[in-house]
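Listing of work-v8.pdb, PDB, C-alpha atoms
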```
ATOM      1  CA  MET M   1     -29.971   9.398  26.490
ATOM      2  CA  GLN M   2     -28.278   9.744  23.112
ATOM      3  CA  THR M   3     -24.717   9.561  21.860
ATOM      4  CA  ALA M   4     -22.602  10.208  18.828
ATOM      5  CA  ALA M   5     -21.344   6.860  17.503
ATOM      6  CA  VAL M   6     -19.618   5.384  14.485
ATOM      7  CA  LEU M   7     -22.285   3.590  12.463
ATOM      8  CA  LEU M   8     -21.410   1.059   9.771
ATOM      9  CA  LYS M   9     -24.560   0.736   7.651
ATOM     10  CA  GLY M  10     -23.018  -1.641   5.118
ATOM     11  CA  PRO M  11     -19.675  -2.358   3.430
ATOM     12  CA  LYS M  12     -17.673   0.892   3.236
ATOM     13  CA  ASP M  13     -20.769   2.865   4.263
ATOM     14  CA  LEU M  14     -19.632   4.411   7.531
ATOM     15  CA  ASP M  15     -20.140   7.713   9.288
ATOM     16  CA  VAL M  16     -20.821   9.253  12.691
ATOM     17  CA  ASP M  17     -24.489   9.252  13.630
ATOM     18  CA  ILE M  18     -26.645   9.983  16.678
ATOM     19  CA  LEU M  19     -28.045   6.882  18.387
ATOM     20  CA  THR M  20     -30.282   6.349  21.394
ATOM     21  CA  LEU M  21     -28.777   4.385  24.266
ATOM     22  CA  ASN M  22     -30.537   1.732  26.306
ATOM     23  CA  ALA M  23     -31.361   2.924  29.818
ATOM     24  CA  PRO M  24     -28.732   1.864  32.388
ATOM     25  CA  GLY M  25     -29.669  -0.466  35.234
ATOM     26  CA  PRO M  26     -28.238  -0.854  38.760
ATOM     27  CA  ALA M  27     -25.442  -3.145  37.499
ATOM     28  CA  ASP M  28     -24.509  -0.856  34.601
ATOM     29  CA  LEU M  29     -22.039   1.933  34.013
ATOM     30  CA  VAL M  30     -22.297   4.917  31.723
ATOM     31  CA  VAL M  31     -18.826   5.598  30.352
ATOM     32  CA  GLU M  32     -17.720   8.665  28.445
ATOM     33  CA  ILE M  33     -15.219   7.398  25.903
ATOM     34  CA  ALA M  34     -12.046   9.410  25.374
ATOM     35  CA  HIS M  35     -10.306   7.237  22.776
ATOM     36  CA  SER M  36     -11.183   4.152  20.742
ATOM     37  CA  GLY M  37      -9.008   2.051  18.469
ATOM     38  CA  ILE M  38      -9.697   0.699  14.988
ATOM     39  CA  SER M  39      -8.978  -2.996  14.464
ATOM     40  CA  THR M  40      -7.345  -3.870  11.156
ATOM     41  CA  GLY M  41      -8.415  -7.509  11.602
ATOM     42  CA  THR M  42     -12.053  -8.223  12.332
ATOM     43  CA  GLU M  43     -13.305  -4.654  11.877
ATOM     44  CA  LYS M  44     -11.652  -4.381   8.479
ATOM     45  CA  LEU M  45     -13.562  -7.469   7.336
ATOM     46  CA  PHE M  46     -16.866  -5.926   8.433
ATOM     47  CA  TRP M  47     -15.957  -2.658   6.730
ATOM     48  CA  SER M  48     -15.008  -4.387   3.469
ATOM     49  CA  GLY M  49     -17.948  -6.811   3.558
ATOM     50  CA  GLU M  50     -15.623  -9.847   3.599
ATOM     51  CA  MET M  51     -16.535 -11.102   7.071
ATOM     52  CA  PRO M  52     -18.007 -14.614   6.941
ATOM     53  CA  PRO M  53     -21.214 -15.272   8.937
ATOM     54  CA  PHE M  54     -20.524 -14.383  12.562
ATOM     55  CA  PRO M  55     -22.698 -14.633  15.707
ATOM     56  CA  GLY M  56     -24.366 -11.303  16.385
ATOM     57  CA  MET M  57     -23.426  -9.920  12.985
ATOM     58  CA  GLY M  58     -25.680  -7.540  11.106
ATOM     59  CA  TYR M  59     -25.900  -4.015   9.746
ATOM     60  CA  PRO M  60     -26.145  -1.312  10.889
ATOM     61  CA  LEU M  61     -23.547  -1.906  13.566
ATOM     62  CA  VAL M  62     -21.336   0.115  15.886
ATOM     63  CA  PRO M  63     -17.720  -1.136  15.669
ATOM     64  CA  GLY M  64     -14.947  -0.798  18.224
ATOM     65  CA  TYR M  65     -13.748  -3.124  20.987
ATOM     66  CA  GLU M  66     -10.726  -1.071  22.097
ATOM     67  CA  ALA M  67     -11.905   1.909  24.126
ATOM     68  CA  VAL M  68     -10.880   3.870  27.205
ATOM     69  CA  GLY M  69     -12.816   6.486  29.089
ATOM     70  CA  GLU M  70     -14.245   7.735  32.358
ATOM     71  CA  VAL M  71     -17.220   6.532  34.352
ATOM     72  CA  VAL M  72     -19.836   9.316  34.444
ATOM     73  CA  GLU M  73     -22.640   7.306  36.031
ATOM     74  CA  ALA M  74     -22.325   4.180  38.188
ATOM     75  CA  GLY M  75     -25.188   1.894  39.168
ATOM     76  CA  THR M  76     -25.595   0.978  42.826
ATOM     77  CA  LEU M  77     -24.504  -2.620  42.244
ATOM     78  CA  THR M  78     -21.339  -1.895  40.251
ATOM     79  CA  GLY M  79     -18.666  -1.108  42.835
ATOM     80  CA  PHE M  80     -17.436   1.690  40.567
ATOM     81  CA  LYS M  81     -17.601   5.418  41.152
ATOM     82  CA  THR M  82     -17.834   8.495  38.984
ATOM     83  CA  GLY M  83     -14.415   9.476  37.701
ATOM     84  CA  ASP M  84     -12.945   5.963  37.503
ATOM     85  CA  ARG M  85     -10.721   5.501  34.452
ATOM     86  CA  VAL M  86     -11.669   2.297  32.641
ATOM     87  CA  PHE M  87     -10.964   0.084  29.662
ATOM     88  CA  VAL M  88     -14.123  -0.976  27.784
ATOM     89  CA  PRO M  89     -14.119  -3.933  25.331
ATOM     90  CA  GLY M  90     -17.214  -2.652  23.533
ATOM     91  CA  ALA M  91     -20.894  -2.473  24.443
ATOM     92  CA  ASN M  92     -24.255  -3.647  23.115
ATOM     93  CA  CYS M  93     -26.390  -0.699  24.170
ATOM     94  CA  TYR M  94     -27.888   0.914  21.073
ATOM     95  CA  GLU M  95     -31.454   1.127  19.851
ATOM     96  CA  GLY M  96     -31.700   0.237  16.182
ATOM     97  CA  ALA M  97     -28.055  -0.867  15.743
ATOM     98  CA  PHE M  98     -26.070  -3.994  16.500
ATOM     99  CA  GLY M  99     -23.447  -3.564  19.200
ATOM    100  CA  LEU M 100     -21.362  -6.541  18.110
ATOM    101  CA  PHE M 101     -18.344  -4.530  19.270
ATOM    102  CA  GLY M 102     -19.918  -1.190  20.101
ATOM    103  CA  GLY M 103     -17.074   0.809  21.649
ATOM    104  CA  ALA M 104     -16.713   3.489  18.976
ATOM    105  CA  ALA M 105     -19.047   6.031  20.571
ATOM    106  CA  ARG M 106     -18.870   9.088  22.807
ATOM    107  CA  ARG M 107     -20.941   7.420  25.527
ATOM    108  CA  ILE M 108     -21.749   3.783  26.136
ATOM    109  CA  VAL M 109     -23.842   1.837  28.628
ATOM    110  CA  THR M 110     -22.365  -1.468  29.729
ATOM    111  CA  ASP M 111     -22.529  -4.111  32.424
ATOM    112  CA  SER M 112     -19.836  -3.280  34.965
ATOM    113  CA  GLU M 113     -18.575  -6.888  34.795
ATOM    114  CA  ARG M 114     -17.189  -6.144  31.323
ATOM    115  CA  VAL M 115     -15.217  -3.090  32.409
ATOM    116  CA  THR M 116     -11.702  -2.973  33.862
ATOM    117  CA  ARG M 117     -10.225  -0.154  35.945
ATOM    118  CA  ILE M 118      -6.936   1.148  34.627
ATOM    119  CA  ASP M 119      -4.390   3.644  35.841
ATOM    120  CA  ALA M 120      -5.669   7.203  35.598
ATOM    121  CA  GLY M 121      -2.479   8.162  33.780
ATOM    122  CA  HIS M 122      -3.269   5.982  30.773
ATOM    123  CA  GLY M 123      -3.813   8.031  27.652
ATOM    124  CA  PRO M 124      -4.821   6.662  24.261
ATOM    125  CA  GLU M 125      -2.429   3.718  24.796
ATOM    126  CA  GLY M 126      -4.967   2.277  27.221
ATOM    127  CA  ALA M 127      -7.043   1.252  24.195
ATOM    128  CA  LEU M 128      -4.244  -1.155  23.221
ATOM    129  CA  LEU M 129      -4.881  -3.403  26.216
ATOM    130  CA  ALA M 130      -7.222  -5.596  24.138
ATOM    131  CA  LEU M 131      -4.479  -6.382  21.629
ATOM    132  CA  ALA M 132      -1.958  -6.924  24.410
ATOM    133  CA  ALA M 133      -4.383  -9.351  26.057
ATOM    134  CA  THR M 134      -4.895 -11.094  22.699
ATOM    135  CA  ALA M 135      -1.142 -11.583  22.353
ATOM    136  CA  ARG M 136      -0.854 -12.820  25.923
ATOM    137  CA  HIS M 137      -3.718 -15.289  25.453
ATOM    138  CA  ALA M 138      -1.979 -16.810  22.417
ATOM    139  CA  MET M 139       1.190 -17.423  24.431
ATOM    140  CA  ALA M 140       0.160 -18.093  28.034
ATOM    141  CA  GLY M 141      -1.012 -21.322  29.627
ATOM    142  CA  MET M 142      -0.071 -24.977  29.802
ATOM    143  CA  ASN M 143       1.647 -26.682  26.864
ATOM    144  CA  LYS M 144       2.186 -23.421  24.991
ATOM    145  CA  ALA M 145       5.576 -22.436  23.617
ATOM    146  CA  VAL M 146       6.594 -18.827  23.089
ATOM    147  CA  PRO M 147       7.330 -17.929  19.462
ATOM    148  CA  ASP M 148      10.746 -18.112  17.885
ATOM    149  CA  LEU M 149       9.308 -16.816  14.597
ATOM    150  CA  ILE M 150       6.501 -14.255  14.263
ATOM    151  CA  ILE M 151       4.862 -13.469  10.920
ATOM    152  CA  GLY M 152       3.952  -9.796  10.563
ATOM    153  CA  HIS M 153       5.272  -6.679  12.313
ATOM    154  CA  GLY M 154       1.951  -4.974  12.880
ATOM    155  CA  VAL M 155       0.745  -4.132  16.372
ATOM    156  CA  LEU M 156      -0.092  -7.742  17.285
ATOM    157  CA  GLY M 157       3.252  -9.006  15.977
ATOM    158  CA  ARG M 158       5.117  -6.351  17.941
ATOM    159  CA  LEU M 159       3.236  -7.195  21.124
ATOM    160  CA  LEU M 160       3.962 -10.902  20.676
ATOM    161  CA  ALA M 161       7.648 -10.101  20.302
ATOM    162  CA  ARG M 162       7.684  -7.769  23.308
ATOM    163  CA  LEU M 163       5.868 -10.307  25.491
ATOM    164  CA  THR M 164       8.328 -13.014  24.440
ATOM    165  CA  ILE M 165      11.237 -10.886  25.617
ATOM    166  CA  THR M 166       9.351  -9.885  28.771
ATOM    167  CA  ALA M 167       8.944 -13.599  29.541
ATOM    168  CA  GLY M 168      12.736 -13.985  29.505
ATOM    169  CA  ALA M 169      12.727 -16.139  26.361
ATOM    170  CA  PRO M 170      15.214 -15.693  23.503
ATOM    171  CA  ALA M 171      14.331 -12.851  21.154
ATOM    172  CA  PRO M 172      12.185 -14.092  18.255
ATOM    173  CA  THR M 173      12.739 -13.444  14.583
ATOM    174  CA  VAL M 174       9.979 -11.418  12.912
ATOM    175  CA  TRP M 175       9.110 -11.549   9.220
ATOM    176  CA  GLU M 176       7.778  -8.446   7.511
ATOM    177  CA  ILE M 177       7.409  -8.007   3.751
ATOM    178  CA  ASP M 178       6.823  -4.223   3.928
ATOM    179  CA  PRO M 179      10.158  -2.402   4.394
ATOM    180  CA  ALA M 180       8.329   0.544   5.989
ATOM    181  CA  ARG M 181       7.144  -1.709   8.806
ATOM    182  CA  ARG M 182      10.521  -3.181   9.731
ATOM    183  CA  ASP M 183      11.372  -0.236  11.977
ATOM    184  CA  GLY M 184      10.471  -0.069  15.652
ATOM    185  CA  ALA M 185      11.859  -3.405  16.849
ATOM    186  CA  MET M 186      12.678  -3.500  20.561
ATOM    187  CA  GLY M 187      15.343  -6.138  21.183
ATOM    188  CA  TYR M 188      14.567  -8.468  18.260
ATOM    189  CA  GLU M 189      15.304  -8.651  14.533
ATOM    190  CA  VAL M 190      12.814  -7.920  11.726
ATOM    191  CA  ILE M 191      13.738  -9.329   8.332
ATOM    192  CA  ASP M 192      12.384  -9.981   4.858
ATOM    193  CA  PRO M 193      11.166 -13.610   4.655
ATOM    194  CA  ASP M 194      13.284 -14.175   1.537
ATOM    195  CA  ALA M 195      16.406 -13.436   3.570
ATOM    196  CA  ASP M 196      15.650 -16.200   6.090
ATOM    197  CA  LYS M 197      17.064 -19.650   5.269
ATOM    198  CA  ARG M 198      16.168 -21.263   8.585
ATOM    199  CA  ARG M 199      14.052 -24.448   8.537
ATOM    200  CA  ASP M 200      14.008 -25.484  12.194
ATOM    201  CA  TYR M 201      11.643 -23.137  14.015
ATOM    202  CA  THR M 202       9.892 -24.735  16.977
ATOM    203  CA  SER M 203       6.963 -22.354  17.274
ATOM    204  CA  ILE M 204       5.752 -20.025  14.523
ATOM    205  CA  TYR M 205       3.061 -17.459  15.341
ATOM    206  CA  ASP M 206       1.212 -16.026  12.349
ATOM    207  CA  ALA M 207      -0.045 -12.519  13.135
ATOM    208  CA  SER M 208      -0.631 -11.634   9.483
ATOM    209  CA  GLY M 209      -3.961 -13.354   8.859
ATOM    210  CA  GLN M 210      -2.601 -14.601   5.528
ATOM    211  CA  GLY M 211      -3.751 -18.205   5.255
ATOM    212  CA  ALA M 212      -1.899 -18.664   1.949
ATOM    213  CA  LEU M 213       1.359 -18.787   3.929
ATOM    214  CA  LEU M 214       0.597 -22.115   5.611
ATOM    215  CA  ASN M 215       2.536 -24.319   3.200
ATOM    216  CA  ASP M 216       5.600 -22.097   3.475
ATOM    217  CA  LEU M 217       5.355 -22.087   7.271
ATOM    218  CA  VAL M 218       5.117 -25.889   7.390
ATOM    219  CA  GLY M 219       8.413 -25.962   5.524
ATOM    220  CA  ARG M 220       9.989 -23.706   8.146
ATOM    221  CA  ILE M 221       9.256 -25.735  11.289
ATOM    222  CA  ALA M 222      11.365 -28.415  12.910
ATOM    223  CA  LYS M 223       9.855 -31.894  13.188
ATOM    224  CA  GLY M 224       6.994 -31.698  15.676
ATOM    225  CA  GLY M 225       6.939 -27.922  15.437
ATOM    226  CA  GLU M 226       3.816 -25.843  15.939
ATOM    227  CA  ILE M 227       2.114 -23.160  13.873
ATOM    228  CA  VAL M 228      -0.120 -20.843  15.883
ATOM    229  CA  LEU M 229      -2.877 -19.050  13.973
ATOM    230  CA  ALA M 230      -3.045 -15.763  15.849
ATOM    231  CA  GLY M 231      -4.665 -13.684  13.112
ATOM    232  CA  PHE M 232      -8.247 -13.720  11.826
ATOM    233  CA  TYR M 233      -8.880 -15.597   8.579
ATOM    234  CA  SER M 234     -11.860 -14.839   6.347
ATOM    235  CA  GLU M 235     -11.188 -17.654   3.865
ATOM    236  CA  PRO M 236     -11.070 -21.428   4.510
ATOM    237  CA  LEU M 237      -7.573 -22.595   5.386
ATOM    238  CA  SER M 238      -5.784 -25.450   3.617
ATOM    239  CA  PHE M 239      -2.323 -26.925   3.343
ATOM    240  CA  ALA M 240      -0.577 -29.772   1.532
ATOM    241  CA  PHE M 241      -0.735 -32.849   3.726
ATOM    242  CA  PRO M 242       2.501 -34.730   2.812
ATOM    243  CA  PRO M 243       4.935 -32.021   4.040
ATOM    244  CA  ALA M 244       2.883 -31.550   7.221
ATOM    245  CA  PHE M 245       2.864 -35.336   7.686
ATOM    246  CA  MET M 246       6.630 -35.547   7.324
ATOM    247  CA  LYS M 247       7.113 -32.757   9.852
ATOM    248  CA  GLU M 248       4.418 -34.096  12.236
ATOM    249  CA  ALA M 249       3.226 -30.499  12.240
ATOM    250  CA  ARG M 250       0.873 -29.198  14.895
ATOM    251  CA  PHE M 251      -1.612 -26.346  14.359
ATOM    252  CA  ARG M 252      -3.219 -24.280  17.103
ATOM    253  CA  VAL M 253      -5.859 -21.549  16.879
ATOM    254  CA  ALA M 254      -5.481 -18.673  19.347
ATOM    255  CA  ALA M 255      -8.934 -17.688  20.608
ATOM    256  CA  GLU M 256     -10.295 -14.520  22.176
ATOM    257  CA  TRP M 257      -8.611 -13.080  25.269
ATOM    258  CA  THR M 258     -10.069 -13.543  28.735
ATOM    259  CA  ARG M 259     -10.354 -11.267  31.757
ATOM    260  CA  GLU M 260      -7.349 -13.067  33.222
ATOM    261  CA  ASP M 261      -5.300 -12.113  30.146
ATOM    262  CA  LEU M 262      -6.440  -8.505  30.428
ATOM    263  CA  ALA M 263      -5.557  -8.341  34.131
ATOM    264  CA  ALA M 264      -2.146  -9.896  33.498
ATOM    265  CA  THR M 265      -1.229  -7.541  30.660
ATOM    266  CA  ARG M 266      -2.536  -4.524  32.569
ATOM    267  CA  GLY M 267      -0.196  -5.518  35.409
ATOM    268  CA  LEU M 268       2.741  -5.835  33.010
ATOM    269  CA  VAL M 269       2.030  -2.421  31.489
ATOM    270  CA  GLU M 270       1.482  -0.645  34.798
ATOM    271  CA  GLY M 271       4.584  -2.336  36.228
ATOM    272  CA  ALA M 272       6.638  -1.092  33.228
ATOM    273  CA  ALA M 273       7.471  -4.663  32.149
ATOM    274  CA  LEU M 274       5.575  -4.275  28.863
ATOM    275  CA  SER M 275       5.744  -1.102  26.804
ATOM    276  CA  LEU M 276       2.906   0.093  24.576
ATOM    277  CA  ASP M 277       5.057   2.916  23.189
ATOM    278  CA  GLY M 278       5.357   3.442  19.460
ATOM    279  CA  LEU M 279       2.298   1.391  18.494
ATOM    280  CA  ILE M 280      -0.142   4.249  17.851
ATOM    281  CA  THR M 281       0.918   5.942  14.640
ATOM    282  CA  HIS M 282      -2.213   7.931  13.743
ATOM    283  CA  THR M 283      -4.924   9.801  15.662
ATOM    284  CA  ARG M 284      -7.944  11.551  14.184
ATOM    285  CA  PRO M 285     -10.931  13.364  15.695
ATOM    286  CA  ALA M 286     -13.941  11.056  15.913
ATOM    287  CA  ALA M 287     -15.824  13.428  13.618
ATOM    288  CA  ASP M 288     -13.427  12.304  10.855
ATOM    289  CA  ALA M 289     -14.289   8.625  11.367
ATOM    290  CA  ARG M 290     -15.043   7.920   7.718
ATOM    291  CA  ALA M 291     -11.574   9.001   6.614
ATOM    292  CA  ALA M 292      -9.955   7.451   9.687
ATOM    293  CA  TYR M 293     -11.352   3.980   9.000
ATOM    294  CA  GLU M 294     -10.380   4.106   5.344
ATOM    295  CA  GLN M 295      -6.839   5.180   6.193
ATOM    296  CA  ALA M 296      -6.525   2.522   8.908
ATOM    297  CA  PHE M 297      -7.413  -0.183   6.390
ATOM    298  CA  THR M 298      -5.592   1.066   3.290
ATOM    299  CA  ASP M 299      -2.468   2.934   4.453
ATOM    300  CA  GLY M 300       0.405   0.531   5.113
ATOM    301  CA  ALA M 301       2.142   3.169   7.238
ATOM    302  CA  CYS M 302      -0.768   3.154   9.690
ATOM    303  CA  LEU M 303      -0.085   0.605  12.428
ATOM    304  CA  LYS M 304      -2.872   1.717  14.779
ATOM    305  CA  MET M 305      -5.444   4.428  14.254
ATOM    306  CA  ILE M 306      -7.063   5.979  17.319
ATOM    307  CA  LEU M 307     -10.270   8.021  17.300
ATOM    308  CA  ASP M 308     -10.267  10.977  19.695
ATOM    309  CA  TRP M 309     -13.773  11.457  21.155
ATOM    310  CA  GLU M 310     -12.934  14.211  23.616
ATOM    311  CA  ARG M 311     -14.174  17.009  21.330
ATOM    312  CA  MET M 312     -17.491  15.292  20.622
ATOM    313  CA  SER M 313     -20.579  16.304  22.571
TER     314      SER M 313
END
```
Translate this file's structure into structure tokens.
Amino acid sequence: MQTAAVLLKGPKDLDVDILTLNAPGPADLVVEIAHSGISTGTEKLFWSGEMPPFPGMGYPLVPGYEAVGEVVEAGTLTGFKTGDRVFVPGANCYEGAFGLFGGAARRIVTDSERVTRIDAGHGPEGALLALAATARHAMAGMNKAVPDLIIGHGVLGRLLARLTITAGAPAPTVWEIDPARRDGAMGYEVIDPDADKRRDYTSIYDASGQGALLNDLVGRIAKGGEIVLAGFYSEPLSFAFPPAFMKEARFRVAAEWTREDLAATRGLVEGAALSLDGLITHTRPAADARAAYEQAFTDGACLKMILDWERMS
């Protein structure tokens, strides 16, 4: 069995190619992907060649860990059936290519344990469940405070703000340096950092991935305040120790989402407590993947780019 797939052969060397899929087993599903998202965090670093050494990394690779589609073949041990609508966080199923993420393809083969059923009415927005789960994972659990300041009004920053309000907490402040990205707030304020004089934030969540901001953020927290690193950072992080010492600053790294996070955010979305509206700004046919990836990574007006696979054979 073969499939059309996005293939990244090296930095900025990307196109759609035909790859052979591994044969499915009794615990596997074959999923026909309808839509896949492009990550402007980790995937951008692979595309640009700036990603530091990473387990499972290598070229050529199939990107994509935000995909939705329909089960077209279900193994006897899966508990799924043909026609089920599912969210797929990628797949490692290709001959001759790394499937480090692996969701940007027309068809994928994956262990059914990695797949989550979603409401049949989900359109392209279903691909955003991974980012929603990422935001939820950063905030949920013991000894975690919701943000009162969020850095960056991209998709992750918006989801963090929406989840904060959904949790019944006071609306956070969001910093955004790009005026074009300050629109679209839902119940919270988005401001230029230079306009903010506050120095007593309890919990700052950085969704920008800009490690150079750490010293400024230390100066913005109250004593004992926390800075949560919710982005992905390609360069070593550093900060001046004396100001952090005086503030008794705490730093926390938000790791990858879990199945529990995905189930919780799916419930919030399907129960209308969390909206995914207004986050997808651009959609392109999968055949235009080369241009789509470049635009996703270079056009500041592009919050989330979605590839449409429905016209691919």
>> Given all atoms listed in the file as the basis, pick out the residue of M:Gly154, M:Gly271, M:Gly102, M:Gly187 nearest to Pro60 in chain M.
In response: M:Gly102
> To one decimal place, how far is CA of Ala127 in chain M from CA of Ile227 in chain M in Å?
Replying inline: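 These atoms are spaced 28.0 Å apart.
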> So what does the PyMOL selection byres ((chain M and resi 158) around 12) actually pick up in this one, as JSON, numbers by chain?
Replying inline: {"M": [128, 131, 132, 135, 136, 147, 149, 150, 151, 152, 153, 154, 155, 156, 157, 159, 160, 161, 162, 163, 164, 165, 171, 172, 173, 174, 175, 176, 181, 182, 183, 184, 185, 186, 187, 188, 189, 190, 205, 206, 207, 208, 274, 275, 276, 277, 278, 279, 280, 303, 304]}
> So what does the PyMOL selection byres ((chain M and resi 243-257) around 8) actually pick up in this one, as number ranges by chain?
Replying inline: M: 130, 133-134, 136-138, 218-219, 221-230, 239-242, 258-259, 261-262
> Pick the closest to Glu270 in chain M from M:Gly79, M:Gly168, M:Gly126, M:Gly37: which is it, counting only C-alpha atoms?
Replying inline: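 Under the stated criterion, the closest residue is M:Gly126.
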> Residues at most 9 Å from range 61-69 of chain M, counting all atoms listed in the file, excluding those fewer than 3 positions away in the same chain, as a ChimeraX atom specification?
Replying inline: /M:5-10,31-39,43,46,57-58,84-92,94,96-105,107,118,122-131
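Separating CA of Arg311 in chain M from CA of Ser48 in chain M is a distance of 27.9 Å.
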> Any idea what's packed within 8 Å of range 16-18 of chain M, counting all atoms listed in the file, ignoring anything in its chain fewer than 5 positions away? Could you give it as an NGL selection string?
Replying inline: :M and (2-7 or 286-287 or 289-290)
Same residues, C-alpha atoms, output as a PDB file, keeping the file's coordinate frame:
```pdb
ATOM      1  CA  GLN M   2     -28.278   9.744  23.112  1.00  0.00           C
ATOM      2  CA  THR M   3     -24.717   9.561  21.860  1.00  0.00           C
ATOM      3  CA  ALA M   4     -22.602  10.208  18.828  1.00  0.00           C
ATOM      4  CA  ALA M   5     -21.344   6.860  17.503  1.00  0.00           C
ATOM      5  CA  VAL M   6     -19.618   5.384  14.485  1.00  0.00           C
ATOM      6  CA  LEU M   7     -22.285   3.590  12.463  1.00  0.00           C
ATOM      7  CA  ALA M 286     -13.941  11.056  15.913  1.00  0.00           C
ATOM      8  CA  ALA M 287     -15.824  13.428  13.618  1.00  0.00           C
ATOM      9  CA  ALA M 289     -14.289   8.625  11.367  1.00  0.00           C
ATOM     10  CA  ARG M 290     -15.043   7.920   7.718  1.00  0.00           C
TER      11      ARG M 290
END
```
> If you measure from CA of Ala169 in chain M to CA of Met142 in chain M, what distance in Å do you get, rounded to one decimal?
Replying inline: 15.9 Å
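Among M:Ala272, M:Ala291, M:Ala296, M:Ala301, the residue with the shortest atom-to-atom distance to Ala180 in chain M, counting only C-alpha atoms, is M:Ala301.
Picked out by the PyMOL selection byres ((chain M and resi 75) around 12) when it runs on this file: Ala23, Pro24, Gly25, Pro26, Ala27, Asp28, Leu29, Val30, Val31, Val71, Val72, Glu73, Ala74, Thr76, Leu77, Thr78, Gly79, Phe80, Lys81, Thr82, Val109, Thr110, Asp111, Ser112 and Glu113 of chain M.
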> Pick the closest to Asn215 in chain M from M:Leu237, M:Leu45, M:Met139, M:Ala195: which is it, counting only C-alpha atoms?
Replying inline: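 Closest to Asn215 in chain M of all the choices is M:Leu237.
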>> Ranking M:Arg266, M:Val115, M:Ala120, M:Tyr201 by minimum distance to Val146 in chain M and counting all atoms listed in the file, which one comes first?
In response: M:Tyr201
> Which residue out of M:Pro236, M:Arg117, M:Leu217, M:Arg284 has the minimum interatomic distance to Thr202 in chain M when all atoms listed in the file are used?
Replying inline: M:Leu217
If I wrap all listed atoms of range 45-57 of chain M in a box with edges along x, y and z and add 5 Å on each side, what are its centre and edge lengths in Å to one decimal, as AutoDock Vina command-line options?
```
--center_x -19.0 --center_y -9.0 --center_z 9.9 --size_x 20.8 --size_y 22.6 --size_z 22.9
```
Because some atoms of range 195-199 of chain M are absent here, can you restore all heavy atoms and send them as a PDB file, in the frame of the given file?
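Listed below is the output, result35.pdb:
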```pdb
ATOM      1  N   ALA M 195      15.036 -13.442   3.043  1.00  0.00           N
ATOM      2  CA  ALA M 195      16.406 -13.436   3.570  1.00  0.00           C
ATOM      3  C   ALA M 195      16.611 -14.487   4.654  1.00  0.00           C
ATOM      4  O   ALA M 195      17.730 -14.636   5.160  1.00  0.00           O
ATOM      5  CB  ALA M 195      16.733 -12.049   4.129  1.00  0.00           C
ATOM      6  N   ASP M 196      15.583 -15.217   4.992  1.00  0.00           N
ATOM      7  CA  ASP M 196      15.650 -16.200   6.090  1.00  0.00           C
ATOM      8  C   ASP M 196      15.753 -17.607   5.507  1.00  0.00           C
ATOM      9  O   ASP M 196      14.827 -18.081   4.835  1.00  0.00           O
ATOM     10  CB  ASP M 196      14.402 -16.069   6.960  1.00  0.00           C
ATOM     11  CG  ASP M 196      14.499 -16.874   8.248  1.00  0.00           C
ATOM     12  OD1 ASP M 196      15.515 -17.574   8.447  1.00  0.00           O
ATOM     13  OD2 ASP M 196      13.552 -16.819   9.048  1.00  0.00           O
ATOM     14  N   LYS M 197      16.854 -18.290   5.773  1.00  0.00           N
ATOM     15  CA  LYS M 197      17.064 -19.650   5.269  1.00  0.00           C
ATOM     16  C   LYS M 197      16.764 -20.712   6.317  1.00  0.00           C
ATOM     17  O   LYS M 197      16.877 -21.910   6.038  1.00  0.00           O
ATOM     18  CB  LYS M 197      18.516 -19.810   4.787  1.00  0.00           C
ATOM     19  CG  LYS M 197      18.953 -18.757   3.774  1.00  0.00           C
ATOM     20  CD  LYS M 197      18.014 -18.701   2.569  1.00  0.00           C
ATOM     21  CE  LYS M 197      18.457 -17.631   1.569  1.00  0.00           C
ATOM     22  NZ  LYS M 197      17.482 -17.478   0.461  1.00  0.00           N
ATOM     23  N   ARG M 198      16.351 -20.317   7.485  1.00  0.00           N
ATOM     24  CA  ARG M 198      16.168 -21.263   8.585  1.00  0.00           C
ATOM     25  C   ARG M 198      14.966 -22.179   8.337  1.00  0.00           C
ATOM     26  O   ARG M 198      13.923 -21.745   7.844  1.00  0.00           O
ATOM     27  CB  ARG M 198      15.994 -20.483   9.894  1.00  0.00           C
ATOM     28  CG  ARG M 198      15.995 -21.359  11.131  1.00  0.00           C
ATOM     29  CD  ARG M 198      15.998 -20.516  12.390  1.00  0.00           C
ATOM     30  NE  ARG M 198      15.670 -21.346  13.547  1.00  0.00           N
ATOM     31  CZ  ARG M 198      15.521 -20.887  14.776  1.00  0.00           C
ATOM     32  NH1 ARG M 198      15.693 -19.588  15.021  1.00  0.00           N
ATOM     33  NH2 ARG M 198      15.221 -21.711  15.766  1.00  0.00           N
ATOM     34  N   ARG M 199      15.107 -23.443   8.724  1.00  0.00           N
ATOM     35  CA  ARG M 199      14.052 -24.448   8.537  1.00  0.00           C
ATOM     36  C   ARG M 199      13.802 -25.260   9.808  1.00  0.00           C
ATOM     37  O   ARG M 199      13.270 -26.371   9.721  1.00  0.00           O
ATOM     38  CB  ARG M 199      14.443 -25.423   7.401  1.00  0.00           C
ATOM     39  CG  ARG M 199      14.571 -24.798   6.028  1.00  0.00           C
ATOM     40  CD  ARG M 199      13.200 -24.403   5.477  1.00  0.00           C
ATOM     41  NE  ARG M 199      13.242 -24.001   4.092  1.00  0.00           N
ATOM     42  CZ  ARG M 199      13.533 -22.794   3.651  1.00  0.00           C
ATOM     43  NH1 ARG M 199      13.851 -21.852   4.532  1.00  0.00           N
ATOM     44  NH2 ARG M 199      13.538 -22.507   2.374  1.00  0.00           N
TER      45      ARG M 199
END
```
